[in-house]
file final.csv (CSV, C-alpha atoms)
chain,number,residue,atom,x,y,z
F,1,MET,CA,36.1,32.6,59.1
F,2,ASN,CA,37.9,29.4,58.2
F,3,ARG,CA,39.0,27.4,61.2
F,4,LEU,CA,37.3,29.8,63.6
F,5,ARG,CA,37.9,28.3,67.1
F,6,VAL,CA,34.5,28.5,68.9
F,7,VAL,CA,34.0,27.1,72.4
F,8,LEU,CA,30.3,26.4,73.0
F,9,VAL,CA,29.6,26.3,76.8
F,10,THR,CA,26.3,24.5,77.6
F,11,PRO,CA,25.3,23.0,81.0
F,12,ARG,CA,23.5,20.2,79.3
F,13,PHE,CA,24.5,18.3,76.1
F,14,TRP,CA,24.2,14.8,74.7
F,15,PRO,CA,22.7,12.5,75.9
F,16,LEU,CA,20.5,15.2,77.6
F,17,PHE,CA,18.3,16.7,74.9
F,18,GLY,CA,14.9,18.4,74.7
F,19,GLY,CA,15.9,22.1,75.1
F,20,PRO,CA,18.4,24.7,73.8
F,21,GLU,CA,21.0,21.9,73.6
F,22,ASP,CA,19.2,20.7,70.5
F,23,ALA,CA,19.9,24.0,68.7
F,24,VAL,CA,23.5,24.1,70.1
F,25,ALA,CA,24.2,20.6,68.7
F,26,GLU,CA,22.9,21.7,65.3
F,27,LEU,CA,25.0,24.8,65.5
F,28,ALA,CA,28.1,22.9,66.4
F,29,LEU,CA,27.7,20.4,63.6
F,30,GLY,CA,26.9,23.3,61.1
F,31,LEU,CA,30.0,25.2,62.1
F,32,LYS,CA,32.1,22.1,61.6
F,33,ARG,CA,30.6,21.6,58.1
F,34,ARG,CA,31.5,25.2,57.3
F,35,GLY,CA,35.2,24.7,58.2
F,36,ALA,CA,35.3,26.1,61.7
F,37,ALA,CA,36.7,24.3,64.7
F,38,PRO,CA,33.9,24.1,67.3
F,39,LEU,CA,34.4,22.5,70.7
F,40,VAL,CA,31.6,21.8,73.2
F,41,LEU,CA,32.3,22.4,76.9
F,42,THR,CA,29.6,20.9,79.2
F,43,ALA,CA,28.9,19.3,82.6
F,44,ARG,CA,29.5,15.7,83.5
F,45,TRP,CA,26.3,14.9,85.3
F,46,GLU,CA,27.0,11.2,85.8
F,47,GLY,CA,30.2,9.8,87.2
F,48,HIS,CA,30.3,7.0,84.7
F,49,TRP,CA,30.2,9.3,81.7
F,50,SER,CA,33.3,9.7,79.7
F,51,PRO,CA,35.1,13.1,80.3
F,52,GLN,CA,35.7,13.4,76.5
F,53,LEU,CA,33.9,12.2,73.4
F,54,LEU,CA,33.1,13.2,69.8
F,55,TYR,CA,29.6,14.3,68.8
F,56,GLY,CA,29.7,13.8,65.1
F,57,LEU,CA,33.1,15.2,64.5
F,58,VAL,CA,32.8,17.9,67.2
F,59,PRO,CA,35.0,17.4,70.3
F,60,VAL,CA,33.0,17.4,73.6
F,61,ILE,CA,34.7,18.0,77.0
F,62,ARG,CA,32.7,17.2,80.2
F,63,LEU,CA,33.7,19.1,83.3
F,64,PRO,CA,32.9,17.6,86.8
F,65,HIS,CA,29.5,18.4,88.2
F,66,PRO,CA,28.8,16.4,91.3
F,67,ARG,CA,25.1,16.1,92.2
F,68,THR,CA,25.7,17.6,95.7
F,69,PRO,CA,23.5,20.8,95.8
F,70,SER,CA,25.4,24.1,95.6
F,71,TRP,CA,28.8,22.3,95.9
F,72,GLY,CA,28.3,20.6,92.6
F,73,THR,CA,27.5,23.8,90.8
F,74,LEU,CA,30.5,25.6,92.4
F,75,ARG,CA,32.9,22.8,91.4
F,76,TYR,CA,31.6,22.9,87.8
F,77,LEU,CA,32.1,26.7,87.7
F,78,ILE,CA,35.6,26.4,89.1
F,79,ALA,CA,36.5,23.8,86.5
F,80,LEU,CA,35.0,26.0,83.8
F,81,ALA,CA,37.0,29.0,84.9
F,82,ARG,CA,40.2,26.9,85.1
F,83,TRP,CA,39.6,25.5,81.6
F,84,LEU,CA,39.0,28.8,80.0
F,85,ARG,CA,42.0,30.4,81.7
F,86,THR,CA,44.3,27.5,80.6
F,87,HIS,CA,43.1,27.5,77.0
F,88,ARG,CA,42.6,31.3,76.4
F,89,GLY,CA,45.3,31.2,73.6
F,90,GLU,CA,43.3,28.6,71.7
F,91,ILE,CA,39.9,30.4,71.6
F,92,ASP,CA,38.6,32.9,69.1
F,93,LEU,CA,35.1,33.2,70.5
F,94,VAL,CA,33.0,31.8,73.4
F,95,TYR,CA,29.3,31.0,72.9
F,96,LEU,CA,27.5,30.6,76.2
F,97,VAL,CA,24.1,28.9,76.5
F,98,GLY,CA,21.8,30.5,79.0
F,99,ALA,CA,22.1,33.6,81.1
F,100,GLY,CA,23.5,31.7,84.0
F,101,HIS,CA,26.6,31.8,86.2
F,102,GLU,CA,28.7,30.6,83.2
F,103,ALA,CA,28.3,34.1,81.7
F,104,SER,CA,29.8,35.8,84.8
F,105,VAL,CA,32.6,33.2,84.9
F,106,ALA,CA,33.5,33.7,81.3
F,107,GLY,CA,33.4,37.5,81.7
F,108,SER,CA,35.8,37.5,84.6
F,109,VAL,CA,38.3,35.1,83.0
F,110,LEU,CA,38.3,36.4,79.4
F,111,ARG,CA,37.7,40.2,79.8
F,112,GLY,CA,40.6,42.2,78.3
F,113,HIS,CA,41.9,39.3,76.2
F,114,GLY,CA,40.2,40.2,72.9
F,115,ILE,CA,38.0,37.1,72.9
F,116,PRO,CA,34.3,38.0,72.1
F,117,ILE,CA,31.7,36.5,74.4
F,118,VAL,CA,28.3,35.6,72.9
F,119,VAL,CA,25.4,34.6,75.2
F,120,ARG,CA,22.4,32.6,73.9
F,121,ALA,CA,19.8,34.0,76.3
F,122,GLU,CA,17.3,31.3,77.3
F,123,ILE,CA,14.6,33.2,79.1
F,124,PRO,CA,12.1,34.3,80.6
F,125,GLU,CA,11.9,31.2,82.8
F,126,ASP,CA,14.6,29.1,84.7
F,127,PRO,CA,14.2,25.4,85.4
F,128,ARG,CA,12.2,26.0,88.6
F,129,GLY,CA,9.6,28.0,86.7
F,130,LYS,CA,10.5,31.3,88.2
F,131,ARG,CA,11.2,34.5,86.3
F,132,ARG,CA,14.8,35.6,86.4
F,133,SER,CA,15.3,39.0,88.0
F,134,ALA,CA,16.0,41.8,85.6
F,135,TRP,CA,19.1,43.0,87.4
F,136,ARG,CA,20.7,39.6,87.4
F,137,LEU,CA,19.9,39.1,83.7
F,138,ARG,CA,21.3,42.5,82.8
F,139,ARG,CA,24.5,41.9,84.9
F,140,ARG,CA,25.3,38.6,83.2
F,141,CYS,CA,24.4,39.5,79.7
F,142,CYS,CA,26.2,42.8,79.8
F,143,ALA,CA,29.4,40.9,80.3
F,144,ALA,CA,28.8,39.6,76.7
F,145,ASP,CA,29.6,41.3,73.4
F,146,ALA,CA,26.3,40.0,71.9
F,147,ALA,CA,23.2,38.3,73.2
F,148,ILE,CA,21.4,35.9,70.8
F,149,VAL,CA,17.8,35.1,71.3
F,150,ALA,CA,15.7,32.7,69.3
F,151,ASP,CA,12.2,34.1,69.9
F,152,LEU,CA,10.4,37.4,70.3
F,153,GLY,CA,9.6,36.8,73.9
F,154,ALA,CA,13.2,36.6,74.8
F,155,THR,CA,14.0,39.7,72.8
F,156,ARG,CA,11.4,41.6,74.7
F,157,ALA,CA,12.6,40.3,78.1
F,158,LEU,CA,16.2,41.4,77.4
F,159,ALA,CA,15.1,44.8,76.3
F,160,GLU,CA,12.9,45.2,79.5
F,161,ALA,CA,15.9,44.1,81.6
F,162,GLY,CA,17.8,47.1,80.2
F,163,LEU,CA,20.2,45.5,77.8
F,164,PRO,CA,21.3,47.9,75.0
F,165,GLN,CA,19.4,47.2,71.8
F,166,GLN,CA,22.5,47.0,69.7
F,167,ILE,CA,23.8,43.8,71.4
F,168,ILE,CA,20.5,41.9,71.1
F,169,HIS,CA,20.4,39.7,68.0
F,170,LEU,CA,17.3,37.6,67.0
F,171,ILE,CA,18.4,34.5,65.2
F,172,ALA,CA,15.6,31.9,64.9
F,173,ASP,CA,16.6,28.3,65.3
F,174,GLY,CA,17.0,26.3,62.1
F,175,VAL,CA,15.4,23.0,61.3
F,176,PRO,CA,18.0,20.2,61.0
F,177,ASP,CA,18.7,18.9,57.5
F,178,ALA,CA,17.8,15.4,58.7
F,179,MET,CA,14.3,16.6,59.6
F,180,LEU,CA,13.8,18.2,56.2
F,181,GLU,CA,14.9,15.0,54.5
F,182,HIS,CA,13.0,12.6,56.8
F,183,THR,CA,10.9,10.1,54.8
F,184,THR,CA,9.6,7.6,57.3
F,185,ASP,CA,5.8,7.3,57.4
F,186,ARG,CA,3.8,6.9,60.6
F,187,THR,CA,3.6,3.1,60.5
F,188,GLU,CA,7.4,2.7,60.0
F,189,ALA,CA,8.2,5.3,62.6
F,190,ARG,CA,6.0,3.5,65.2
F,191,ALA,CA,7.6,0.2,64.4
F,192,ALA,CA,11.1,1.7,64.8
F,193,LEU,CA,10.3,3.3,68.1
F,194,ALA,CA,8.7,0.2,69.5
F,195,GLU,CA,11.8,-1.8,68.6
F,196,ILE,CA,14.0,0.8,70.5
F,197,ASN,CA,11.6,1.2,73.4
F,198,PRO,CA,8.7,-1.2,74.0
F,199,MET,CA,7.1,1.5,76.1
F,200,LEU,CA,6.2,3.3,72.8
F,201,THR,CA,4.4,0.3,71.3
F,202,VAL,CA,1.0,1.4,70.1
F,203,PRO,CA,-1.6,-0.1,67.7
F,204,ALA,CA,-1.5,1.3,64.1
F,205,GLU,CA,-4.9,2.9,64.6
F,206,ALA,CA,-4.1,4.5,68.0
F,207,ARG,CA,-3.9,8.3,68.3
F,208,VAL,CA,-0.6,9.6,69.7
F,209,VAL,CA,-0.1,13.1,71.0
F,210,VAL,CA,3.5,14.2,71.7
F,211,CYS,CA,4.9,16.9,73.9
F,212,VAL,CA,8.6,17.6,73.6
F,213,GLY,CA,10.8,19.6,75.9
F,214,ARG,CA,12.4,19.9,79.3
F,215,LEU,CA,10.3,18.5,82.1
F,216,CYS,CA,10.4,21.6,84.4
F,217,GLN,CA,7.9,23.4,86.6
F,218,GLY,CA,6.1,26.3,84.9
F,219,ARG,CA,5.8,24.7,81.5
F,220,GLY,CA,2.1,23.8,81.9
F,221,LEU,CA,2.7,20.1,82.1
F,222,LEU,CA,0.3,19.5,85.0
F,223,ARG,CA,-2.4,21.3,83.0
F,224,LEU,CA,-1.7,19.1,80.1
F,225,ILE,CA,-2.1,15.8,81.9
F,226,GLU,CA,-5.3,17.1,83.6
F,227,ALA,CA,-6.6,18.0,80.1
F,228,TRP,CA,-5.5,14.6,78.9
F,229,GLN,CA,-7.3,12.5,81.6
F,230,PRO,CA,-10.8,12.6,80.0
F,231,LEU,CA,-9.3,11.8,76.5
F,232,SER,CA,-7.7,8.7,77.8
F,233,HIS,CA,-11.1,7.4,78.8
F,234,GLN,CA,-12.8,8.7,75.7
F,235,TRP,CA,-10.3,7.0,73.4
F,236,PRO,CA,-8.8,3.8,75.0
F,237,GLY,CA,-5.5,3.0,73.5
F,238,THR,CA,-4.7,6.7,72.9
F,239,ARG,CA,-1.2,7.7,74.1
F,240,LEU,CA,0.4,10.9,75.3
F,241,TRP,CA,4.2,10.9,75.1
F,242,LEU,CA,6.1,13.4,77.3
F,243,VAL,CA,9.5,13.4,75.5
F,244,GLY,CA,12.4,15.0,77.5
F,245,ASP,CA,13.9,15.0,80.9
F,246,GLY,CA,14.3,17.4,83.8
F,247,PRO,CA,13.8,18.1,87.5
F,248,PHE,CA,10.0,17.9,87.3
F,249,ARG,CA,10.0,14.3,86.1
F,250,GLU,CA,9.3,12.6,89.5
F,251,PRO,CA,6.5,15.0,90.5
F,252,LEU,CA,4.9,14.4,87.1
F,253,TYR,CA,5.2,10.7,87.5
F,254,ALA,CA,3.6,10.9,90.9
F,255,ARG,CA,0.7,13.0,89.5
F,256,LEU,CA,0.2,10.5,86.7
F,257,GLY,CA,-0.3,7.9,89.4
F,258,ASP,CA,-2.8,10.1,91.3
F,259,LEU,CA,-4.8,10.4,88.0
F,260,ASP,CA,-4.5,6.8,87.0
F,261,LEU,CA,-2.7,7.8,83.8
F,262,ARG,CA,0.5,5.8,83.8
F,263,LEU,CA,-0.8,3.4,81.1
F,264,SER,CA,-1.9,6.2,78.7
F,265,VAL,CA,1.0,8.7,79.4
F,266,ASN,CA,4.6,7.6,78.7
F,267,MET,CA,7.8,9.5,79.6
F,268,PRO,CA,10.5,7.8,77.4
F,269,GLY,CA,13.2,10.3,78.1
F,270,SER,CA,15.1,12.4,75.5
F,271,PHE,CA,15.9,11.8,71.8
F,272,ASP,CA,18.8,13.5,70.0
F,273,ASP,CA,16.8,13.0,66.8
F,274,LEU,CA,13.1,13.7,66.9
F,275,GLY,CA,12.3,12.5,63.4
F,276,ASP,CA,10.6,9.2,64.2
F,277,VAL,CA,9.0,10.6,67.4
F,278,LEU,CA,7.2,13.3,65.4
F,279,ALA,CA,6.5,11.1,62.4
F,280,ALA,CA,4.8,8.5,64.7
F,281,ALA,CA,2.5,11.1,66.2
F,282,ASN,CA,-0.9,12.6,65.2
F,283,LEU,CA,-0.5,15.9,67.1
F,284,LEU,CA,2.2,18.0,68.8
F,285,VAL,CA,1.1,19.9,71.9
F,286,GLU,CA,3.0,22.7,73.7
F,287,PRO,CA,1.3,23.6,77.0
F,288,SER,CA,3.6,26.5,78.0
F,289,GLY,CA,2.0,29.9,78.3
F,290,GLU,CA,5.3,31.6,77.9
F,291,SER,CA,6.8,32.7,74.6
F,292,ILE,CA,9.4,30.0,73.7
F,293,SER,CA,11.4,29.0,70.8
F,294,PRO,CA,9.2,27.5,68.1
F,295,ARG,CA,11.9,25.0,67.2
F,296,VAL,CA,9.9,21.8,67.8
F,297,MET,CA,6.8,23.3,66.2
F,298,LEU,CA,8.8,23.9,63.0
F,299,GLN,CA,10.1,20.4,63.0
F,300,ALA,CA,6.5,19.1,63.5
F,301,ALA,CA,5.4,21.2,60.5
F,302,CYS,CA,8.2,19.6,58.4
F,303,LEU,CA,6.7,16.1,59.1
F,304,GLY,CA,3.1,17.1,58.5
F,305,LEU,CA,2.1,17.3,62.1
F,306,PRO,CA,-0.6,19.7,63.4
F,307,VAL,CA,0.0,21.7,66.6
F,308,VAL,CA,-1.9,22.9,69.6
F,309,GLY,CA,-0.1,25.6,71.6
F,310,CYS,CA,-0.9,27.8,74.6
F,311,ASN,CA,1.1,30.9,73.6
F,312,LEU,CA,-0.1,32.8,70.6
F,313,GLU,CA,3.1,34.8,70.1
F,314,THR,CA,5.1,31.5,69.7
F,315,LEU,CA,2.6,30.2,67.2
F,316,ARG,CA,2.8,33.4,65.2
F,317,GLN,CA,6.5,32.9,64.8
F,318,THR,CA,5.8,29.7,62.7
F,319,PRO,CA,4.0,29.2,59.4
F,320,LEU,CA,1.4,27.1,61.3
F,321,LEU,CA,-1.4,29.5,62.0
F,322,ASP,CA,-1.4,31.0,58.4
F,323,ALA,CA,-1.5,27.5,57.0
F,324,GLY,CA,-4.4,26.5,59.3
F,325,THR,CA,-2.5,23.7,60.9
F,326,ALA,CA,-2.4,25.0,64.5
F,327,ARG,CA,-4.9,25.8,67.3
F,328,PHE,CA,-4.4,28.1,70.2
F,329,ALA,CA,-5.7,27.4,73.7
F,330,SER,CA,-5.6,29.9,76.6
F,331,PRO,CA,-2.8,28.7,78.9
F,332,ASP,CA,-4.9,28.8,82.0
F,333,ASP,CA,-8.0,27.1,80.5
F,334,VAL,CA,-7.7,23.3,80.9
F,335,PRO,CA,-11.0,22.6,79.1
F,336,ALA,CA,-9.9,24.8,76.2
F,337,LEU,CA,-6.7,22.9,75.9
F,338,ARG,CA,-8.7,19.6,75.9
F,339,ARG,CA,-11.1,20.9,73.2
F,340,ALA,CA,-8.2,22.1,71.0
F,341,MET,CA,-6.6,18.6,71.1
F,342,VAL,CA,-10.0,16.9,70.4
F,343,GLU,CA,-10.6,19.2,67.4
F,344,MET,CA,-7.3,18.6,65.8
F,345,LEU,CA,-7.5,14.8,66.4
F,346,ASP,CA,-11.1,14.5,65.2
F,347,ASN,CA,-10.7,17.0,62.3
F,348,PRO,CA,-7.1,17.1,61.3
F,349,PRO,CA,-5.9,19.7,58.7
F,350,SER,CA,-6.0,18.6,55.1
F,351,ALA,CA,-2.9,17.3,53.3
F,352,ASP,CA,-2.7,20.5,51.3
F,353,MET,CA,-2.7,22.7,54.4
F,354,LEU,CA,0.0,20.6,56.0
F,355,ALA,CA,2.1,20.7,52.8
F,356,ALA,CA,1.8,24.5,52.6
F,357,ALA,CA,3.1,24.7,56.2
F,358,ARG,CA,6.0,22.4,55.4
F,359,GLN,CA,7.0,24.4,52.3
F,360,ARG,CA,7.1,27.7,54.3
F,361,VAL,CA,9.4,26.0,56.9
F,362,VAL,CA,11.7,24.7,54.3
F,363,ARG,CA,11.9,28.1,52.7
F,364,GLN,CA,12.4,30.2,55.8
F,365,TYR,CA,13.9,28.1,58.5
F,366,SER,CA,16.7,26.1,57.1
F,367,SER,CA,19.7,25.1,59.2
F,368,ASN,CA,22.0,26.8,56.7
F,369,ARG,CA,20.3,30.1,57.3
F,370,MET,CA,20.8,29.8,61.1
F,371,ILE,CA,24.5,28.9,60.6
F,372,GLU,CA,25.1,31.7,58.2
F,373,GLU,CA,23.6,34.3,60.5
F,374,HIS,CA,25.7,33.1,63.4
F,375,LEU,CA,28.9,33.2,61.3
F,376,GLN,CA,28.1,36.7,60.1
F,377,LEU,CA,27.7,37.9,63.7
F,378,PHE,CA,30.9,36.1,64.8
F,379,ASP,CA,32.9,37.7,62.0
F,380,GLN,CA,31.6,41.1,63.0
F,381,LEU,CA,32.5,40.6,66.6
F,382,ARG,CA,36.0,39.4,65.8
F,383,ARG,CA,36.7,42.4,63.6
F,384,TYR,CA,35.9,44.8,66.4
F,385,SER,CA,37.4,42.8,69.3
call {"tool": "encode", "arguments": {"input": "final.csv", "output": "structure tokens"}}
result
Amino acid sequence: MNRLRVVLVTPRFWPLFGGPEDAVAELALGLKRRGAAPLVLTARWEGHWSPQLLYGLVPVIRLPHPRTPSWGTLRYLIALARWLRTHRGEIDLVYLVGAGHEASVAGSVLRGHGIPIVVRAEIPEDPRGKRRSAWRLRRRCCAADAAIVADLGATRALAEAGLPQQIIHLIADGVPDAMLEHTTDRTEARAALAEINPMLTVPAEARVVVCVGRLCQGRGLLRLIEAWQPLSHQWPGTRLWLVGDGPFREPLYARLGDLDLRLSVNMPGSFDDLGDVLAAANLLVEPSGESISPRVMLQAACLGLPVVGCNLETLRQTPLLDAGTARFASPDDVPALRRAMVEMLDNPPSADMLAAARQRVVRQYSSNRMIEEHLQLFDQLRRYS
């Protein structure tokens, strides 16, 4: 597997973080450490962005993606097809993030050339909060030699869409080494964040709740801020941080204005390293009712942070419930979400319970385990291509 030439195709990458691109970045860096030759192919969302850069030691190429609706996507896909066709002789394997149009493009360009195609299937929701149709999901993923999923919900969605069981591979996301080794305490983390972004300045005694992920419709973010409104009055100075970016940012900001919450709810954008963000908080909340990757929950557990979630299946994929460091709220019950947050803030888990959750994460969800499972699959696909 030495010098395996892997092209990772992802619509979003640095500096856009808060979704599957987090795991892709960790995978790219891990492959590089193991002696492979990864390259990230992504979209150039802003005209002033450089068309090429290094992320760590991993080359990144940004393809044009004008913001013009429809035409921007079409131009990006044309550029992707042209790049893959031009560089076919320099590719051993293509890893596609999401079951989008990129999978169809790669299939049409690379089919018959002995280059395995792997799709990391991010489902069941698209950025507009709508379920992808089963036939479209099946058509795009069937162009792949393997479909990787990071959670049980995605595994089930692919099976229900009719994908053969033998091409579906569950590989849970790994926790970055930097997160496992993070030593900053809450006071230091808050000071560091305040220096970077004054918006995140909070008193030492203030309670901070953080929600991390793409700001998109269908994630339960409106329910979250409605549940938050009474807490902002009950505990003046308390803050909710919505960390991430996405198409729902402006509607969210407008709703915060309607509820008079712009002083107690901050949207600081994305962070490629969540260490200080999580270390500075008292609680992580995930309002999505869908089964999603528990990646951020695992990182929270590493830093001794309790969790409130709205999907029991996602919580069951982490060591949090067994350790007593998580609470579940029905996704459609705003008062229940509020009560769960109050309970975890008023009566946080003991240090021993939080330490037990961390130990299980370190043991079961290391980044090295994720990289090794990917490499084993890549090796298998190359042998039979």
call {"tool": "atom_distance", "arguments": {"input": "final.csv", "atom1": "atom CA of Leu180 of chain F", "atom2": "atom CA of Val361 of chain F"}}
result
9.0 Å
call {"tool": "residues_near_point", "arguments": {"input": "final.csv", "point": "(2.4, 17.1, 80.5)", "cutoff": "12 Å", "atoms": "all atoms listed in the file", "output": "PyMOL selection string"}}
result
chain F and resi 209-229+239-245+248-249+251-253+255-256+261-262+264-267+284-288+334+337
call {"tool": "residues_around", "arguments": {"input": "final.csv", "residues": "segment 79-86 of chain F", "least_positions_apart": "5", "cutoff": "7 Å", "atoms": "only C-alpha atoms", "output": "list in words"}}
result
Leu63, Val105, Ala106 and Val109 of chain F
call {"tool": "closest_residue", "arguments": {"input": "final.csv", "among": "F:Pro268, F:Gly35, F:Gly30, F:Gly98", "to": "Val9 of chain F", "atoms": "all atoms listed in the file"}}
result
F:Gly98
call {"tool": "residues_around", "arguments": {"input": "final.csv", "residues": "Ile171 of chain F", "least_positions_apart": "2", "cutoff": "8 Å", "atoms": "only C-alpha atoms", "output": "PDB file with C-alpha atoms, in the coordinates of the input"}}
result
ATOM      1  CA  ILE F 148      21.400  35.900  70.800  1.00  0.00           C
ATOM      2  CA  VAL F 149      17.800  35.100  71.300  1.00  0.00           C
ATOM      3  CA  ALA F 150      15.700  32.700  69.300  1.00  0.00           C
ATOM      4  CA  ASP F 151      12.200  34.100  69.900  1.00  0.00           C
ATOM      5  CA  HIS F 169      20.400  39.700  68.000  1.00  0.00           C
ATOM      6  CA  ASP F 173      16.600  28.300  65.300  1.00  0.00           C
ATOM      7  CA  MET F 370      20.800  29.800  61.100  1.00  0.00           C
ATOM      8  CA  GLU F 373      23.600  34.300  60.500  1.00  0.00           C
ATOM      9  CA  HIS F 374      25.700  33.100  63.400  1.00  0.00           C
TER      10      HIS F 374
END
call {"tool": "atom_distance", "arguments": {"input": "final.csv", "atom1": "atom CA of Ala144 of chain F", "atom2": "atom CA of Val118 of chain F"}}
result
5.5 Å
call {"tool": "closest_residue", "arguments": {"input": "final.csv", "among": "F:Glu21, F:Glu90, F:Glu195, F:Asp177", "to": "Arg369 of chain F", "atoms": "all atoms listed in the file"}}
result
F:Asp177
call {"tool": "atom_distance", "arguments": {"input": "final.csv", "atom1": "atom CA of Pro348 of chain F", "atom2": "atom CA of Gly309 of chain F"}}
result
15.1 Å
call {"tool": "residues_around", "arguments": {"input": "final.csv", "residues": "Val277 of chain F", "least_positions_apart": "6", "cutoff": "12 Å", "atoms": "only C-alpha atoms", "output": "PyMOL selection string"}}
result
chain F and resi 179+182+184-194+196-197+200-201+208-212+240-244+268-271+283-284+296+299-300+303+305
